[in-house]
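Visitor: Could you have a look at this structure, given as structure tokens, before my questions?
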Amino acid sequence: METEEHCTTERKAEIAGSLAEINAIVEQKKMLRSGSRGSRLVAVSKYKPASDIRAAYEAGQRHFGENYVQELAEKAHALPTDIQWHFIGRLQSNKCKILAANPNLWAVETIEDVGKAQRLDDAWRAAGYSHPLNVYVQINTSNEENKGGAEIGDAETVVRGIVDSCRNLRVLGLMTIGSVEGSSRRPNPDFLALVKLRDELEAKLGIELELSMGMSDDFEHALDLGSNNVRVGSRIFGGRPPKS
């Protein structure tokens, strides 16, 4: 069980200051962008103690991202219930029930096939919630064998399959991580590929889709290209320690 330690005054100020800086960038980029779609900051708290998350929460942050089902469950139990949790790690089918047991789970960002979506849909329905769970379909825009996500060519089938068969899930958008090589290029080819795919799917399916792309090193560029959901960790909390 996650036990919460107390932040020092200095640590609270450090987190609040970093969070304010990132939020200012997000707001500035949003103002410069045409169109009405907003942008959301997800503070990635992987391996960070509950006290760090509480410090960010007290500074106004509500969306947090976790990579591991058990770590998310423990932190959700220890922290305020109005936190909106995003699961951003690779989802194993046998963990859907555990993940769905968290009532303030806001989104799962790593759905890559209809079968896994259906298992999550079943788990969410069995938990008895009256609202659908937001999901993003992860796209392997870089075609890397070791990276999760649906292939670009399969994306329409996956999105359509979830919309048609998973009544307890809401397809909020598409997500990509992209390649390390692509992250240093401007414009980032993985981000451009996701934007193009989003536009095509919206036209074909008649639904609005968000873009979840951009992390600590490239979130500003992702926002320039239209990202609605950026996942920032080290720029807020500092580097991650090794997992024990």
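For the structure tokens, the naming scheme is as follows: chains receive sequential letters (A, B, ...) according to their order of presentation, residues are indexed from 1 within each chain, and ligands are indexed from 1 in presentation order.
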Show me, as a tab-separated table, the residues of range 158-240 of chain A having an atom within 12 Å of range 108-111 of chain A, each with the closest atom pair and its distance in Å, using only C-alpha atoms.
Guide:
residue	atom	partner	partner_atom	distance
A:Val158	CA	A:Ile111	CA	9.2
A:Val159	CA	A:Ile111	CA	9.8
A:Gly161	CA	A:Ile111	CA	11.9
A:Ile162	CA	A:Ile111	CA	9.8
A:Leu169	CA	A:Val108	CA	9.8
A:Arg170	CA	A:Val108	CA	10.3
A:Val171	CA	A:Ile111	CA	9.7
A:Leu172	CA	A:Glu109	CA	9.1
A:Gly173	CA	A:Glu109	CA	8.7
A:Leu174	CA	A:Glu109	CA	8.1
A:Met175	CA	A:Glu109	CA	6.6
A:Thr176	CA	A:Thr110	CA	8.9
A:Ile177	CA	A:Thr110	CA	10.1
A:Glu210	CA	A:Glu109	CA	11.3
A:Leu211	CA	A:Glu109	CA	10.6
A:Ser212	CA	A:Glu109	CA	8.1
A:Met213	CA	A:Glu109	CA	10.5
A:Asn229	CA	A:Glu109	CA	10.3
A:Val230	CA	A:Glu109	CA	11.4
A:Arg231	CA	A:Glu109	CA	10.7
Visitor: Could you write out, as a PyMOL selection string, all the residues of range 67-196 of chain A that DSSP marks as strand (DSSP E)?
Guide: chain A and resi 84-87+105-111+133-138+169-175
Visitor: Using only C-alpha atoms, which residue out of A:Ala193, A:Leu72, A:Ala203, A:Leu120 lies closest to Leu105 in chain A?
Guide: A:Leu72
Visitor: What's the separation between CA of Gly233 in chain A and CA of Ser179 in chain A, in Å to one decimal place?
Guide: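 Atom-to-atom, CA of Gly233 in chain A to CA of Ser179 in chain A, that is 17.9 Å.
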Visitor: For the contact check between range 16-103 of chain A and range 138-150 of chain A, emit one row per residue of range 16-103 of chain A within 10 Å, containing the shortest atom pair and the distance in Å rounded to one decimal, counting only C-alpha atoms, chain then rising number order, as CSV.
Guide:
residue,atom,partner,partner_atom,distance
A:Ile88,CA,A:Gln138,CA,9.8
A:Gly89,CA,A:Gly148,CA,9.6
A:Arg90,CA,A:Gly148,CA,7.2
A:Leu91,CA,A:Gly148,CA,9.7
Visitor: Could you pull the residues within 9 Å of range 215-220 of chain A, counting only C-alpha atoms, minus those fewer than 4 positions along the same chain, as a compact mmCIF listing (two decimals) with N, CA and C atoms, in the first residue's frame?
Guide:
# COMPACT_ATOMS: atom_id res chain seq x y z
N ILE A 25 3.20 27.71 -20.33
CA ILE A 25 3.54 27.36 -21.72
C ILE A 25 2.32 26.78 -22.42
N VAL A 26 1.61 25.88 -21.74
CA VAL A 26 0.43 25.26 -22.33
C VAL A 26 -0.61 26.34 -22.66
N LYS A 29 0.57 28.49 -25.67
CA LYS A 29 0.43 27.77 -26.94
C LYS A 29 -1.05 27.68 -27.35
N ILE A 177 3.52 7.80 -28.98
CA ILE A 177 4.76 8.13 -28.27
C ILE A 177 5.82 8.56 -29.29
N SER A 183 11.75 12.51 -32.31
CA SER A 183 11.53 13.55 -31.32
C SER A 183 12.48 14.73 -31.48
N SER A 184 13.61 14.52 -32.16
CA SER A 184 14.57 15.61 -32.35
C SER A 184 14.37 16.35 -33.67
N ASP A 224 2.25 22.94 -30.63
CA ASP A 224 2.27 23.72 -31.86
C ASP A 224 1.56 22.99 -33.00
N LEU A 225 1.66 21.65 -32.98
CA LEU A 225 1.06 20.85 -34.05
C LEU A 225 -0.36 20.40 -33.71
N SER A 227 -1.63 19.19 -30.40
CA SER A 227 -1.90 18.22 -29.34
C SER A 227 -2.91 18.78 -28.34
N VAL A 230 -0.95 16.57 -23.29
CA VAL A 230 0.49 16.36 -23.21
C VAL A 230 0.83 15.74 -21.86
N ARG A 231 1.83 14.84 -21.87
CA ARG A 231 2.20 14.07 -20.69
C ARG A 231 3.60 14.50 -20.24
N VAL A 232 3.64 15.23 -19.14
CA VAL A 232 4.91 15.83 -18.70
C VAL A 232 5.24 15.34 -17.30
N GLY A 233 6.42 14.77 -17.14
CA GLY A 233 6.84 14.25 -15.84
C GLY A 233 8.06 14.93 -15.28
N SER A 234 9.22 14.71 -15.91
CA SER A 234 10.48 15.20 -15.34
C SER A 234 10.55 16.72 -15.28
N ARG A 235 9.85 17.41 -16.16
CA ARG A 235 9.86 18.88 -16.12
C ARG A 235 9.08 19.42 -14.93
N ILE A 236 8.26 18.56 -14.32
CA ILE A 236 7.50 18.96 -13.13
C ILE A 236 8.12 18.40 -11.86
Visitor: Which residues, written as a ChimeraX atom specification, have at least one atom at most 9 Å from range 50-67 of chain A, with only C-alpha atoms counted and residues fewer than 3 positions away on the same chain left out?
Guide: /A:2-7,11-13,15-17,19-20,40-47,71-72,75,78-80,82-91,106,231-233,236-237
Visitor: Keeping only C-alpha atoms, write those residues as a short mmCIF file (atom, residue, chain, number, x, y, z; two decimals), in the first residue's frame.
Guide:
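And here's part23.cif as it stands now:
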data_model
loop_
_atom_site.label_atom_id
_atom_site.label_comp_id
_atom_site.auth_asym_id
_atom_site.auth_seq_id
_atom_site.Cartn_x
_atom_site.Cartn_y
_atom_site.Cartn_z
CA GLU A 2 1.27 3.48 -0.91
CA THR A 3 2.12 5.41 2.25
CA GLU A 4 2.30 9.16 2.04
CA GLU A 5 5.27 11.06 3.38
CA HIS A 6 5.26 14.81 3.85
CA CYS A 7 6.87 17.20 1.39
CA ARG A 11 9.93 20.57 -2.34
CA LYS A 12 6.38 21.93 -2.46
CA ALA A 13 7.67 25.24 -3.81
CA ILE A 15 6.89 21.40 -7.71
CA ALA A 16 4.49 24.36 -7.67
CA GLY A 17 6.99 26.53 -9.52
CA LEU A 19 3.98 23.24 -12.63
CA ALA A 20 3.23 26.95 -13.02
CA ARG A 40 -4.72 19.36 -21.18
CA LEU A 41 -1.63 18.84 -19.03
CA VAL A 42 -1.18 15.37 -17.56
CA ALA A 43 1.45 15.32 -14.81
CA VAL A 44 3.27 11.99 -15.10
CA SER A 45 3.90 10.82 -11.56
CA LYS A 46 5.42 7.39 -12.27
CA TYR A 47 7.63 6.28 -9.33
CA GLU A 71 0.99 1.88 -8.49
CA LEU A 72 -2.02 3.80 -9.79
CA LYS A 75 -1.92 6.18 -5.11
CA ALA A 78 -4.17 7.39 -0.72
CA LEU A 79 -4.96 10.65 -2.51
CA PRO A 80 -8.00 12.92 -3.07
CA ASP A 82 -11.23 14.21 -7.44
CA ILE A 83 -7.87 13.44 -9.03
CA GLN A 84 -8.41 12.34 -12.63
CA TRP A 85 -6.07 9.44 -13.31
CA HIS A 86 -4.72 8.51 -16.74
CA PHE A 87 -3.26 5.06 -17.28
CA ILE A 88 -0.42 5.53 -19.76
CA GLY A 89 1.48 2.24 -19.53
CA ARG A 90 1.08 -0.87 -21.64
CA LEU A 91 -2.13 -2.55 -20.51
CA TRP A 106 -10.36 9.20 -16.16
CA ARG A 231 2.20 14.07 -20.69
CA VAL A 232 4.91 15.83 -18.70
CA GLY A 233 6.84 14.25 -15.84
CA ILE A 236 7.50 18.96 -13.13
CA PHE A 237 8.83 16.41 -10.65
#
Visitor: For Asn102 in chain A, work out the shell of residues within 8 Å, counting only C-alpha atoms and skipping chain neighbours fewer than 4 positions away, then give it as a CSV table (one decimal) with N, CA and C atoms, in the first residue's frame.
Guide:
chain,number,residue,atom,x,y,z
A,73,ALA,N,-3.4,2.2,-8.5
A,73,ALA,CA,-4.4,1.8,-7.5
A,73,ALA,C,-4.0,2.3,-6.1
A,76,ALA,N,-4.2,6.1,-5.9
A,76,ALA,CA,-5.6,6.6,-6.0
A,76,ALA,C,-6.3,6.3,-4.6
A,98,ILE,N,-8.5,-4.9,-12.3
A,98,ILE,CA,-7.9,-4.2,-11.2
A,98,ILE,C,-7.9,-2.7,-11.6
Visitor: Write out as a PyMOL selection string each polymer residue whose atoms come within 9 Å of Thr81 in chain A, counting only C-alpha atoms; drop sequence neighbours fewer than 4 positions from it.
Guide: chain A and resi 76-77+103-104
Visitor: Please produce an output containing N, CA, C and O atoms for each residue in the selection, written as a CSV table (one decimal), in the first residue's frame.
Guide:
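Written output follows (result-v6.csv):
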chain,number,residue,atom,x,y,z
A,76,ALA,N,-4.2,6.1,-5.9
A,76,ALA,CA,-5.6,6.6,-6.0
A,76,ALA,C,-6.3,6.3,-4.6
A,76,ALA,O,-7.1,7.1,-4.2
A,77,HIS,N,-5.9,5.3,-3.9
A,77,HIS,CA,-6.5,5.0,-2.6
A,77,HIS,C,-6.0,6.0,-1.6
A,77,HIS,O,-6.8,6.4,-0.6
A,103,PRO,N,-12.5,4.2,-9.3
A,103,PRO,CA,-13.7,5.0,-9.8
A,103,PRO,C,-13.3,6.3,-10.4
A,103,PRO,O,-14.0,6.9,-11.2
A,104,ASN,N,-12.1,6.9,-10.0
A,104,ASN,CA,-11.7,8.1,-10.6
A,104,ASN,C,-10.6,7.9,-11.7
A,104,ASN,O,-9.9,8.9,-12.0
Visitor: Range 59-149 of chain A: which residues are helix (DSSP H, G or I) by DSSP, as a ChimeraX atom specification?
Guide: /A:69-78,93-100,114-126
Visitor: Measuring between only C-alpha atoms, which one of A:Glu181, A:Glu74, A:Glu200, A:Glu27 shows the shortest distance to Ala101 in chain A?
Guide: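 With only C-alpha atoms as the atom set, the closest residue is A:Glu74.
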Visitor: Go through A:Pro189, A:Glu112, A:Asp121, A:Asn134 one by one, measure the shortest atom-to-atom distance of each to Asp154 in chain A using only C-alpha atoms, and give the residue with the smallest value.
Guide: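 When distances to Asp154 in chain A are compared using only C-alpha atoms, the smallest one comes from A:Glu112.
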Visitor: Record the distance separating CA of Ile152 in chain A and CA of Leu197 in chain A, expressed in Å with one decimal.
Guide: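 It comes out at 7.4 Å.
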